[in-house]
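Structure file upload22.csv; described as CSV, C-alpha atoms.
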```csv
chain,number,residue,atom,x,y,z
X,1,MET,CA,11.9,-18.9,-0.6
X,2,SER,CA,11.9,-20.1,-4.2
X,3,HIS,CA,13.9,-18.7,-7.0
X,4,LYS,CA,13.2,-18.3,-10.7
X,5,GLY,CA,16.2,-17.8,-12.9
X,6,LYS,CA,16.5,-15.6,-16.0
X,7,ALA,CA,17.6,-17.1,-19.4
X,8,ILE,CA,19.9,-14.4,-20.8
X,9,ASP,CA,23.4,-14.5,-22.1
X,10,ALA,CA,26.3,-13.8,-19.8
X,11,PRO,CA,30.0,-13.6,-20.2
X,12,PRO,CA,32.4,-16.2,-18.9
X,13,THR,CA,33.1,-15.9,-15.2
X,14,GLU,CA,36.8,-16.8,-14.9
X,15,ASP,CA,37.9,-13.2,-14.8
X,16,LEU,CA,34.9,-11.7,-13.1
X,17,GLU,CA,36.2,-10.4,-9.8
X,18,TYR,CA,32.8,-9.7,-8.3
X,19,LEU,CA,32.0,-13.4,-8.4
X,20,GLN,CA,34.9,-14.5,-6.3
X,21,PRO,CA,34.1,-15.9,-2.8
X,22,GLY,CA,33.8,-13.2,-0.2
X,23,SER,CA,32.5,-10.6,-2.7
X,24,VAL,CA,29.4,-8.6,-1.8
X,25,VAL,CA,26.9,-8.6,-4.6
X,26,GLU,CA,23.2,-8.3,-5.4
X,27,VAL,CA,21.1,-11.3,-6.5
X,28,SER,CA,18.0,-11.1,-8.5
X,29,HIS,CA,14.9,-12.8,-7.1
X,30,GLU,CA,11.3,-12.9,-8.2
X,31,ASN,CA,8.7,-12.9,-5.5
X,32,ASN,CA,5.2,-14.4,-5.6
X,33,ASP,CA,4.0,-11.4,-7.6
X,34,CYS,CA,6.6,-12.0,-10.3
X,35,LEU,CA,8.3,-8.7,-9.3
X,36,ARG,CA,12.1,-8.3,-9.8
X,37,VAL,CA,13.8,-7.6,-6.5
X,38,TRP,CA,17.6,-7.2,-5.8
X,39,TYR,CA,18.9,-8.4,-2.4
X,40,THR,CA,22.4,-7.9,-1.0
X,41,ALA,CA,24.4,-11.1,-0.4
X,42,THR,CA,27.9,-12.5,-0.2
X,43,ILE,CA,29.4,-15.1,-2.5
X,44,ILE,CA,30.3,-18.2,-0.5
X,45,GLU,CA,31.4,-20.6,-3.1
X,46,ARG,CA,31.1,-21.7,-6.8
X,47,ARG,CA,29.1,-24.9,-7.1
X,48,ALA,CA,30.0,-27.5,-9.8
X,49,THR,CA,27.1,-28.9,-11.8
X,50,SER,CA,26.7,-31.7,-14.3
X,51,THR,CA,25.6,-29.2,-16.9
X,52,ASN,CA,28.5,-26.8,-16.4
X,53,ASP,CA,26.1,-24.1,-15.3
X,54,GLU,CA,27.8,-21.3,-13.4
X,55,ARG,CA,26.1,-21.5,-10.1
X,56,TYR,CA,27.0,-19.9,-6.8
X,57,VAL,CA,26.0,-20.3,-3.2
X,58,VAL,CA,25.3,-16.9,-1.6
X,59,GLN,CA,24.5,-15.8,2.0
X,60,PHE,CA,22.0,-13.0,2.3
X,61,THR,CA,22.9,-9.9,4.2
X,62,ASP,CA,19.4,-9.0,5.6
X,63,ILE,CA,17.3,-12.2,5.1
X,64,TYR,CA,17.3,-14.8,7.8
X,65,GLN,CA,16.7,-18.6,7.8
X,66,ASP,CA,16.0,-18.4,11.5
X,67,THR,CA,15.5,-15.0,13.2
X,68,ASN,CA,15.7,-16.5,16.7
X,69,SER,CA,19.2,-17.8,16.2
X,70,GLY,CA,20.3,-15.1,13.7
X,71,THR,CA,21.1,-17.6,11.0
X,72,LYS,CA,21.1,-15.9,7.6
X,73,LEU,CA,19.6,-17.6,4.6
X,74,PHE,CA,21.8,-19.4,2.0
X,75,LEU,CA,20.6,-20.0,-1.6
X,76,GLU,CA,22.1,-21.0,-4.9
X,77,TYR,CA,21.9,-18.8,-8.0
X,78,ASN,CA,23.0,-18.8,-11.6
X,79,SER,CA,25.7,-16.2,-12.5
X,80,VAL,CA,23.2,-14.4,-14.7
X,81,ASP,CA,21.2,-13.5,-11.6
X,82,ILE,CA,24.1,-12.0,-9.8
X,83,ARG,CA,25.6,-8.5,-10.3
X,84,PRO,CA,28.1,-6.3,-8.5
X,85,LEU,CA,26.8,-3.7,-6.0
X,86,PRO,CA,25.8,-0.5,-7.9
X,87,PRO,CA,28.3,2.2,-6.9
X,88,PRO,CA,26.8,4.9,-4.6
X,89,LEU,CA,25.7,8.0,-6.3
X,90,PRO,CA,24.5,11.4,-5.0
X,91,PRO,CA,20.7,12.0,-4.6
X,92,ARG,CA,19.0,13.2,-7.7
X,93,ASN,CA,15.8,15.0,-8.6
X,94,PHE,CA,13.1,12.5,-9.3
X,95,LYS,CA,9.8,13.0,-11.2
X,96,ALA,CA,6.6,11.1,-11.8
X,97,GLY,CA,7.2,8.4,-14.5
X,98,ASP,CA,10.8,7.8,-13.5
X,99,ILE,CA,11.9,4.1,-13.5
X,100,VAL,CA,13.6,3.5,-10.2
X,101,GLU,CA,14.5,1.0,-7.6
X,102,ALA,CA,13.0,1.4,-4.1
X,103,TYR,CA,14.3,-0.1,-0.9
X,104,TYR,CA,11.5,-2.1,0.7
X,105,GLN,CA,11.5,-5.2,3.0
X,106,ASN,CA,15.3,-5.6,2.7
X,107,GLY,CA,15.4,-5.5,-1.1
X,108,TRP,CA,15.5,-3.1,-4.0
X,109,TYR,CA,12.2,-3.3,-6.0
X,110,GLU,CA,12.1,-2.2,-9.6
X,111,GLY,CA,9.1,0.0,-10.5
X,112,GLU,CA,7.8,3.4,-11.6
X,113,ILE,CA,7.2,6.6,-9.5
X,114,THR,CA,3.4,7.1,-9.6
X,115,LEU,CA,3.3,10.5,-8.0
X,116,MET,CA,5.7,13.1,-6.4
X,117,LEU,CA,3.9,14.4,-3.3
X,118,ASP,CA,6.6,17.0,-2.7
X,119,ASN,CA,10.4,17.4,-3.0
X,120,TYR,CA,11.0,14.7,-0.4
X,121,ASN,CA,8.4,12.0,-0.8
X,122,CYS,CA,6.9,10.1,-3.7
X,123,MET,CA,4.3,7.4,-4.3
X,124,PHE,CA,5.5,4.1,-5.7
X,125,GLN,CA,3.5,1.1,-6.8
X,126,ILE,CA,4.6,-2.5,-6.1
X,127,SER,CA,2.0,-4.9,-7.5
X,128,SER,CA,-1.3,-4.0,-5.8
X,129,ARG,CA,0.5,-2.0,-3.1
X,130,PHE,CA,1.0,1.8,-3.0
X,131,LEU,CA,4.0,2.9,-1.0
X,132,LEU,CA,5.1,6.3,0.2
X,133,PHE,CA,8.9,6.6,0.1
X,134,GLY,CA,11.4,9.3,1.1
X,135,VAL,CA,13.6,10.0,-1.9
X,136,ASN,CA,16.6,8.7,0.2
X,137,GLN,CA,15.0,5.3,-0.3
X,138,LEU,CA,15.2,5.4,-4.1
X,139,ARG,CA,17.9,4.9,-6.6
X,140,HIS,CA,18.0,5.2,-10.4
X,141,HIS,CA,17.3,1.9,-12.1
X,142,ARG,CA,20.2,0.4,-14.0
X,143,THR,CA,20.8,-2.9,-15.7
X,144,TRP,CA,24.1,-4.9,-15.5
X,145,PHE,CA,24.9,-6.4,-18.9
X,146,ASN,CA,28.1,-7.9,-20.2
X,147,GLY,CA,30.2,-6.2,-17.6
X,148,ASP,CA,28.7,-2.6,-17.9
X,149,TRP,CA,25.9,-0.6,-16.4
X,150,ILE,CA,23.1,0.5,-18.6
X,151,PRO,CA,22.5,3.4,-18.7
X,152,PRO,CA,26.2,4.3,-18.0
X,153,LEU,CA,27.1,5.8,-14.7
X,154,ASN,CA,27.4,9.5,-14.5
X,155,LEU,CA,29.7,10.2,-11.6
X,156,ASN,CA,29.2,14.0,-12.0
X,157,VAL,CA,25.5,14.0,-11.0
X,158,THR,CA,24.8,17.2,-9.2
X,159,LYS,CA,23.8,16.8,-5.6
X,160,SER,CA,20.3,17.9,-5.0
X,161,ILE,CA,18.5,19.3,-2.0
X,162,TRP,CA,18.3,15.9,-0.4
X,163,ASP,CA,21.6,15.9,1.5
X,164,GLU,CA,19.9,15.8,4.9
X,165,ASP,CA,19.3,12.5,6.7
X,166,LEU,CA,15.6,12.0,6.0
X,167,THR,CA,13.5,9.9,8.3
X,168,ASP,CA,12.3,6.7,6.6
X,169,ARG,CA,8.6,7.0,6.0
X,170,MET,CA,6.6,4.3,4.2
X,171,MET,CA,2.9,3.8,4.0
X,172,GLU,CA,1.5,0.5,2.7
X,173,ILE,CA,-1.9,-0.8,1.7
X,174,ASP,CA,-2.5,-4.0,0.0
X,175,SER,CA,-5.8,-3.8,-1.9
X,176,ASN,CA,-6.5,-7.4,-0.9
X,177,GLN,CA,-5.6,-7.0,2.8
X,178,LEU,CA,-7.7,-4.1,4.2
X,179,GLU,CA,-10.0,-6.4,6.1
X,180,TRP,CA,-7.1,-8.6,7.3
X,181,GLU,CA,-5.3,-5.6,8.7
X,182,THR,CA,-8.2,-4.2,10.6
X,183,ASP,CA,-9.1,-7.7,12.0
X,184,SER,CA,-5.6,-8.4,13.1
X,185,GLY,CA,-5.2,-5.1,14.8
X,186,SER,CA,-2.1,-4.1,12.8
X,187,ALA,CA,-3.9,-1.0,11.6
X,188,GLU,CA,-4.8,1.5,14.2
X,189,THR,CA,-8.1,3.5,14.1
X,190,SER,CA,-9.0,7.0,15.1
X,191,THR,CA,-12.3,8.7,15.7
X,192,ALA,CA,-14.1,9.4,12.4
X,193,GLY,CA,-16.3,12.4,11.9
X,194,THR,CA,-19.7,12.5,10.3
X,195,GLY,CA,-18.6,14.7,7.4
X,196,ASN,CA,-19.7,18.0,6.1
X,197,ILE,CA,-22.4,19.0,3.6
X,198,LEU,CA,-21.0,18.8,0.1
X,199,GLU,CA,-22.6,20.5,-2.8
X,200,GLU,CA,-22.4,18.4,-6.0
X,201,SER,CA,-21.1,20.5,-8.8
X,202,ASP,CA,-22.8,20.0,-12.2
X,203,GLN,CA,-19.6,21.0,-13.9
X,204,LYS,CA,-17.6,18.0,-12.6
X,205,THR,CA,-17.0,15.6,-15.4
X,206,LYS,CA,-17.8,11.9,-15.1
X,207,GLU,CA,-14.1,11.2,-15.4
X,208,GLU,CA,-13.2,13.5,-12.5
X,209,GLU,CA,-16.2,13.1,-10.2
X,210,PHE,CA,-14.0,13.9,-7.2
X,211,SER,CA,-11.3,16.5,-6.8
X,212,GLU,CA,-7.8,16.4,-5.4
X,213,GLY,CA,-7.9,17.1,-1.7
X,214,GLU,CA,-11.6,16.4,-1.4
X,215,ARG,CA,-12.8,14.5,1.7
X,216,VAL,CA,-14.8,11.4,0.9
X,217,GLU,CA,-15.9,8.1,2.2
X,218,VAL,CA,-14.7,4.8,0.6
X,219,ALA,CA,-16.1,1.3,0.7
X,220,ASN,CA,-14.4,-1.5,2.5
X,221,ILE,CA,-15.0,-4.4,0.2
X,222,ASP,CA,-14.7,-7.9,1.6
X,223,GLU,CA,-13.3,-10.9,-0.4
X,224,ASP,CA,-16.8,-11.8,-1.6
X,225,GLY,CA,-17.3,-8.3,-3.1
X,226,PHE,CA,-19.7,-7.0,-0.5
X,227,ASN,CA,-19.3,-3.6,1.2
X,228,GLN,CA,-18.6,-4.0,4.9
X,229,ALA,CA,-18.3,-0.3,5.9
X,230,TRP,CA,-17.6,3.2,4.8
X,231,LEU,CA,-14.3,4.8,5.9
X,232,ALA,CA,-13.3,8.5,5.9
X,233,ALA,CA,-10.6,9.3,3.3
X,234,THR,CA,-9.1,12.1,1.2
X,235,ILE,CA,-8.6,12.1,-2.6
X,236,VAL,CA,-4.8,12.3,-3.2
X,237,LYS,CA,-5.0,12.3,-7.0
X,238,PRO,CA,-7.3,11.2,-9.8
X,239,VAL,CA,-5.9,8.5,-12.1
X,240,GLU,CA,-7.2,7.1,-15.4
X,241,ASN,CA,-10.4,5.1,-15.9
X,242,ASN,CA,-12.4,6.7,-13.1
X,243,ARG,CA,-10.0,5.6,-10.4
X,244,TYR,CA,-8.4,7.6,-7.6
X,245,ILE,CA,-5.6,7.4,-5.2
X,246,ILE,CA,-7.0,8.0,-1.7
X,247,ARG,CA,-5.5,8.4,1.8
X,248,TYR,CA,-7.5,7.0,4.7
X,249,GLU,CA,-8.2,9.3,7.6
X,250,THR,CA,-8.8,6.5,10.2
X,251,LEU,CA,-6.5,3.6,9.2
X,252,ARG,CA,-2.8,3.8,9.8
X,253,THR,CA,0.1,1.7,8.8
X,254,GLY,CA,1.2,-1.2,11.0
X,255,ASN,CA,4.3,0.7,12.1
X,256,ASP,CA,2.3,3.9,12.7
X,257,THR,CA,4.3,5.9,10.2
X,258,GLY,CA,1.3,7.4,8.4
X,259,PHE,CA,-2.1,6.8,7.0
X,260,LEU,CA,-2.8,4.0,4.6
X,261,VAL,CA,-3.0,4.7,0.8
X,262,LYS,CA,-5.0,2.9,-1.8
X,263,GLU,CA,-6.2,3.1,-5.4
X,264,MET,CA,-10.0,2.8,-5.7
X,265,ASP,CA,-12.7,2.9,-8.4
X,266,SER,CA,-15.1,5.8,-8.3
X,267,LEU,CA,-18.0,3.3,-7.8
X,268,HIS,CA,-16.6,2.7,-4.3
X,269,ILE,CA,-16.2,6.3,-3.4
X,270,ARG,CA,-18.9,8.8,-2.2
X,271,PRO,CA,-19.0,12.2,-0.5
X,272,PRO,CA,-19.5,12.3,3.2
X,273,PRO,CA,-23.2,12.3,4.2
X,274,PRO,CA,-24.7,15.6,5.1
X,275,ASP,CA,-24.2,16.8,8.7
X,276,ILE,CA,-27.8,16.3,9.8
X,277,PRO,CA,-28.8,16.6,13.5
X,278,VAL,CA,-28.6,13.4,15.5
X,279,PRO,CA,-31.7,12.8,17.6
X,280,HIS,CA,-31.4,13.2,21.4
X,281,GLN,CA,-32.3,9.5,21.6
X,282,PHE,CA,-32.5,6.8,19.0
X,283,LYS,CA,-35.6,4.5,18.8
X,284,MET,CA,-36.0,0.8,18.3
X,285,PHE,CA,-35.6,-0.2,14.6
X,286,ASP,CA,-33.9,3.1,13.6
X,287,ASN,CA,-31.6,2.7,10.7
X,288,VAL,CA,-28.2,3.9,11.8
X,289,ASP,CA,-24.5,3.8,11.0
X,290,ALA,CA,-22.2,2.6,13.8
X,291,LEU,CA,-18.6,3.6,14.2
X,292,TYR,CA,-16.6,0.3,14.4
X,293,LYS,CA,-13.0,-0.5,13.4
X,294,GLY,CA,-12.5,3.0,12.0
X,295,GLY,CA,-15.5,2.8,9.6
X,296,TRP,CA,-19.3,3.4,9.5
X,297,TRP,CA,-21.2,0.1,9.5
X,298,LYS,CA,-24.9,0.0,8.6
X,299,GLY,CA,-27.2,-1.4,11.3
X,300,ILE,CA,-30.5,-1.3,13.1
X,301,ILE,CA,-31.3,-0.4,16.7
X,302,THR,CA,-32.6,-3.6,18.3
X,303,ARG,CA,-32.6,-2.4,21.9
X,304,VAL,CA,-32.5,0.9,23.8
X,305,LEU,CA,-30.5,0.3,27.0
X,306,PRO,CA,-31.3,2.1,30.3
X,307,ARG,CA,-30.8,5.8,30.4
X,308,GLY,CA,-30.9,5.9,26.6
X,309,SER,CA,-27.2,6.6,26.1
X,310,ARG,CA,-26.3,3.1,24.8
X,311,TYR,CA,-27.9,0.8,22.3
X,312,LYS,CA,-27.8,-2.7,21.0
X,313,VAL,CA,-27.2,-2.6,17.2
X,314,HIS,CA,-27.5,-5.4,14.7
X,315,LEU,CA,-24.8,-4.8,12.0
X,316,ASP,CA,-26.2,-5.8,8.6
X,317,ASN,CA,-23.0,-6.8,7.0
X,318,ASN,CA,-21.5,-9.2,9.6
X,319,GLY,CA,-24.6,-10.2,11.5
X,320,LYS,CA,-23.2,-9.2,14.9
X,321,VAL,CA,-25.3,-7.5,17.6
X,322,MET,CA,-23.0,-5.1,19.4
X,323,GLU,CA,-23.4,-2.3,22.0
X,324,PHE,CA,-22.6,1.3,21.0
X,325,LYS,CA,-22.5,4.7,22.6
X,326,HIS,CA,-24.9,7.4,21.4
X,327,SER,CA,-21.9,9.4,20.1
X,328,ASP,CA,-20.8,6.4,17.9
X,329,LEU,CA,-24.0,6.4,15.9
X,330,ARG,CA,-25.4,8.5,13.1
X,331,LEU,CA,-28.7,8.2,11.1
X,332,HIS,CA,-28.2,6.0,8.0
X,333,LEU,CA,-28.5,7.6,4.6
X,334,ASP,CA,-28.2,5.9,1.2
X,335,TRP,CA,-26.1,7.4,-1.7
X,336,ILE,CA,-28.2,6.6,-4.8
X,337,ASP,CA,-27.8,8.3,-8.2
X,338,ARG,CA,-25.6,11.0,-6.7
X,339,LYS,CA,-28.2,11.9,-4.1
X,340,TRP,CA,-28.6,11.2,-0.4
X,341,THR,CA,-31.9,9.4,0.4
X,342,LYS,CA,-33.4,8.0,3.6
X,343,PRO,CA,-33.9,4.3,3.6
X,344,SER,CA,-37.5,2.9,3.5
X,345,PRO,CA,-38.9,2.3,7.0
X,346,GLY,CA,-39.1,-1.2,8.2
X,347,VAL,CA,-37.0,-3.9,9.9
X,348,HIS,CA,-34.5,-5.7,7.6
X,349,LEU,CA,-32.6,-8.1,9.9
```

Show how you would write the structure in this file as structure tokens.
Amino acid sequence: MSHKGKAIDAPPTEDLEYLQPGSVVEVSHENNDCLRVWYTATIIERRATSTNDERYVVQFTDIYQDTNSGTKLFLEYNSVDIRPLPPPLPPRNFKAGDIVEAYYQNGWYEGEITLMLDNYNCMFQISSRFLLFGVNQLRHHRTWFNGDWIPPLNLNVTKSIWDEDLTDRMMEIDSNQLEWETDSGSAETSTAGTGNILEESDQKTKEEEFSEGERVEVANIDEDGFNQAWLAATIVKPVENNRYIIRYETLRTGNDTGFLVKEMDSLHIRPPPPDIPVPHQFKMFDNVDALYKGGWWKGIITRVLPRGSRYKVHLDNNGKVMEFKHSDLRLHLDWIDRKWTKPSPGVHL
């Protein structure tokens, strides 16, 4: 773990009680995304330097040098990157746009509430990730400056409805890790449906092509920019610039606490294909979609196996030939100019 210090003024440390050895503090650390995170640690000793910098060795409370032996990590920090523990305050009513700190991966991340889903849960963005937190995992953001908290502490904050012990619930999706998660098996899949017929409304604006709560399919884009598959999802909320927050219906978080959430451009979202009848038996060279890893992958029937209930399918986007059950296939349709069309006949291997 590397550390990047902050060049700001700080008061002398001789009389600062929270910097004495044994004090429990929070230390500021920037991760690889240049995000400010506060971790709990204990002051071990003050370290003398040739430049008279006020530096301290701390031992982290929840970060380990070696998880097998239980050895906790030691690092050295400037005094300007150390602050006392914020005093505990009663829960408060949060709203979209509030600047808060969210407890995630053993640290407090600074950020903004993107969306309040209800009185108990909100959406919070950390870099390219969208996280779903219970409000008991949030605290109001404050800055420690010259021995005072900014804004000042209000110890008379009225307790809100969140006095109960809420279950920790976090949903994470890294917009650059969808394919890694499905390949590694950390994201579980469930059976996806074929979708229902959706009538396109002429009254929908270009900026709001899809509505909150609408069922859609979203593209799984690989690192080269190619669409691997279409996955079932629900629109959570439209955001600016023709982008939407969506919740997957077939991919779950690694710890199985909920479905994955992601922000996507409308170019990578489409309505589910119409619920057209599936033939009793597919034929050689039929264009199909195959249900694989929670999504629908475009392919072509290359072989009809005995009894006609299983097929060999060449998946266009990964070049694999795989065996599928009849129930895991559907006829392939293309979404072009806001209309569903059948692909041109022919073999395209």

Would you mind listing what lies within 9 Å of Glu212 of chain X as an mmCIF file with C-alpha atoms, in the coordinates of the input, with only C-alpha atoms counted and same-chain residues fewer than 4 positions away left out?
```cif
data_model
loop_
_atom_site.group_PDB
_atom_site.id
_atom_site.type_symbol
_atom_site.label_atom_id
_atom_site.label_comp_id
_atom_site.auth_asym_id
_atom_site.auth_seq_id
_atom_site.Cartn_x
_atom_site.Cartn_y
_atom_site.Cartn_z
ATOM 1 C CA THR X 234 -9.100 12.100 1.200
ATOM 2 C CA ILE X 235 -8.600 12.100 -2.600
ATOM 3 C CA VAL X 236 -4.800 12.300 -3.200
ATOM 4 C CA LYS X 237 -5.000 12.300 -7.000
ATOM 5 C CA PRO X 238 -7.300 11.200 -9.800
#
```

(message) Just want the 6 Å neighbourhood of Asn121 of chain X, counted on all atoms listed in the file, with same-chain residues fewer than 4 positions away dropped. Output as JSON, numbers by chain.
(response) {"X": [117, 133, 134, 135]}

(message) With distances taken over only C-alpha atoms, which residue among X:His140, X:His29, X:Arg92, X:Arg330 lies nearest Asn78 of chain X?
(response) X:His29

(message) What's the separation between atom CA of Asp286 of chain X and atom CA of Val313 of chain X, in Å to one decimal place?
(response)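 For atom CA of Asp286 of chain X relative to atom CA of Val313 of chain X, the distance reads 9.5 Å.
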
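Taking atom CA of Arg83 of chain X and atom CA of Glu30 of chain X as endpoints, the distance between them is 15.1 Å.
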
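Interatomic distance, atom CA of Ser327 of chain X against atom CA of Ala233 of chain X: 20.2 Å.
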
(request) Within 10 Å of Phe324 of chain X, counting all atoms listed in the file, which residues show up once you throw out same-chain ones fewer than 3 positions away? Write them as a list in words, please. (result) Ala290, Leu291, Tyr292, Ile301, Leu305, Ser309, Arg310, Tyr311, Lys312, Val313, Val321, Ser327, Asp328 and Leu329 of chain X

(request) Pick out the residues sitting within 12 Å of Arg247 of chain X, and hand them over as a VMD selection string; count only C-alpha atoms, and ignore anything fewer than 6 positions along from it in its own chain. (result) chain X and resid 123 130 to 132 171 to 173 212 to 218 231 to 237 253 258 to 264

(message) From the options X:Phe74, X:Ser69, X:Glu209, X:Asn220, which residue's atoms come nearest to Asn241 of chain X, counting only C-alpha atoms?
(response) X:Glu209

Could you name the residues that touch Gln228 of chain X at 8 Å or less, counting all atoms listed in the file, but leaving out those on the same chain fewer than 2 positions away, as a PDB file with C-alpha atoms, in the coordinates of the input?
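Listing of around-v6.pdb after writing:
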```
ATOM      1  CA  ALA X 219     -16.100   1.300   0.700  1.00  0.00           C
ATOM      2  CA  ASN X 220     -14.400  -1.500   2.500  1.00  0.00           C
ATOM      3  CA  ILE X 221     -15.000  -4.400   0.200  1.00  0.00           C
ATOM      4  CA  ASP X 222     -14.700  -7.900   1.600  1.00  0.00           C
ATOM      5  CA  PHE X 226     -19.700  -7.000  -0.500  1.00  0.00           C
ATOM      6  CA  TRP X 230     -17.600   3.200   4.800  1.00  0.00           C
ATOM      7  CA  TRP X 297     -21.200   0.100   9.500  1.00  0.00           C
ATOM      8  CA  ASN X 317     -23.000  -6.800   7.000  1.00  0.00           C
ATOM      9  CA  ASN X 318     -21.500  -9.200   9.600  1.00  0.00           C
TER      10      ASN X 318
END
```

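Candidate residues X:Leu331, X:Ala229, X:Ile150, X:Val57 were compared for distance to Gly294 of chain X, and the nearest is X:Ala229, using all atoms listed in the file.
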
Starting from the incomplete input, reconstruct N, CA, C and O atoms of segment 129-146 of chain X and report them as a CSV table (one decimal), keeping the file's coordinate frame.
```csv
chain,number,residue,atom,x,y,z
X,129,ARG,N,0.2,-2.8,-4.2
X,129,ARG,CA,0.5,-2.0,-3.1
X,129,ARG,C,0.9,-0.6,-3.5
X,129,ARG,O,1.6,-0.5,-4.5
X,130,PHE,N,0.5,0.4,-2.8
X,130,PHE,CA,1.0,1.8,-3.0
X,130,PHE,C,1.9,2.1,-1.8
X,130,PHE,O,1.4,2.1,-0.6
X,131,LEU,N,3.1,2.5,-2.0
X,131,LEU,CA,4.0,2.9,-1.0
X,131,LEU,C,4.4,4.3,-1.0
X,131,LEU,O,4.6,4.9,-2.1
X,132,LEU,N,4.6,4.9,0.1
X,132,LEU,CA,5.1,6.3,0.2
X,132,LEU,C,6.5,6.2,0.7
X,132,LEU,O,6.8,5.8,1.8
X,133,PHE,N,7.5,6.7,-0.2
X,133,PHE,CA,8.9,6.6,0.1
X,133,PHE,C,9.5,8.0,0.2
X,133,PHE,O,9.1,8.9,-0.5
X,134,GLY,N,10.5,8.2,1.1
X,134,GLY,CA,11.4,9.3,1.1
X,134,GLY,C,12.3,9.1,-0.1
X,134,GLY,O,12.7,8.0,-0.4
X,135,VAL,N,12.8,10.2,-0.7
X,135,VAL,CA,13.6,10.0,-1.9
X,135,VAL,C,15.0,9.4,-1.5
X,135,VAL,O,15.7,8.9,-2.4
X,136,ASN,N,15.4,9.4,-0.2
X,136,ASN,CA,16.6,8.7,0.2
X,136,ASN,C,16.4,7.2,0.1
X,136,ASN,O,17.4,6.5,0.4
X,137,GLN,N,15.3,6.7,-0.1
X,137,GLN,CA,15.0,5.3,-0.3
X,137,GLN,C,14.9,4.8,-1.7
X,137,GLN,O,14.6,3.7,-2.0
X,138,LEU,N,15.3,5.7,-2.7
X,138,LEU,CA,15.2,5.4,-4.1
X,138,LEU,C,16.6,5.5,-4.7
X,138,LEU,O,17.5,6.2,-4.2
X,139,ARG,N,16.7,4.8,-5.8
X,139,ARG,CA,17.9,4.9,-6.6
X,139,ARG,C,17.5,4.7,-8.1
X,139,ARG,O,16.5,4.1,-8.4
X,140,HIS,N,18.3,5.3,-9.0
X,140,HIS,CA,18.0,5.2,-10.4
X,140,HIS,C,18.2,3.7,-10.8
X,140,HIS,O,19.1,3.1,-10.4
X,141,HIS,N,17.2,3.3,-11.7
X,141,HIS,CA,17.3,1.9,-12.1
X,141,HIS,C,18.4,1.7,-13.2
X,141,HIS,O,18.4,2.5,-14.2
X,142,ARG,N,19.2,0.7,-13.0
X,142,ARG,CA,20.2,0.4,-14.0
X,142,ARG,C,20.3,-1.1,-14.2
X,142,ARG,O,20.0,-1.9,-13.3
X,143,THR,N,20.7,-1.5,-15.4
X,143,THR,CA,20.8,-2.9,-15.7
X,143,THR,C,22.3,-3.3,-15.9
X,143,THR,O,23.1,-2.5,-16.6
X,144,TRP,N,22.8,-4.4,-15.3
X,144,TRP,CA,24.1,-4.9,-15.5
X,144,TRP,C,24.2,-5.9,-16.6
X,144,TRP,O,23.5,-6.9,-16.6
X,145,PHE,N,24.9,-5.5,-17.7
X,145,PHE,CA,24.9,-6.4,-18.9
X,145,PHE,C,26.2,-6.4,-19.5
X,145,PHE,O,26.8,-5.4,-19.8
X,146,ASN,N,26.8,-7.6,-19.6
X,146,ASN,CA,28.1,-7.9,-20.2
X,146,ASN,C,29.2,-7.0,-19.6
X,146,ASN,O,30.0,-6.4,-20.3
```
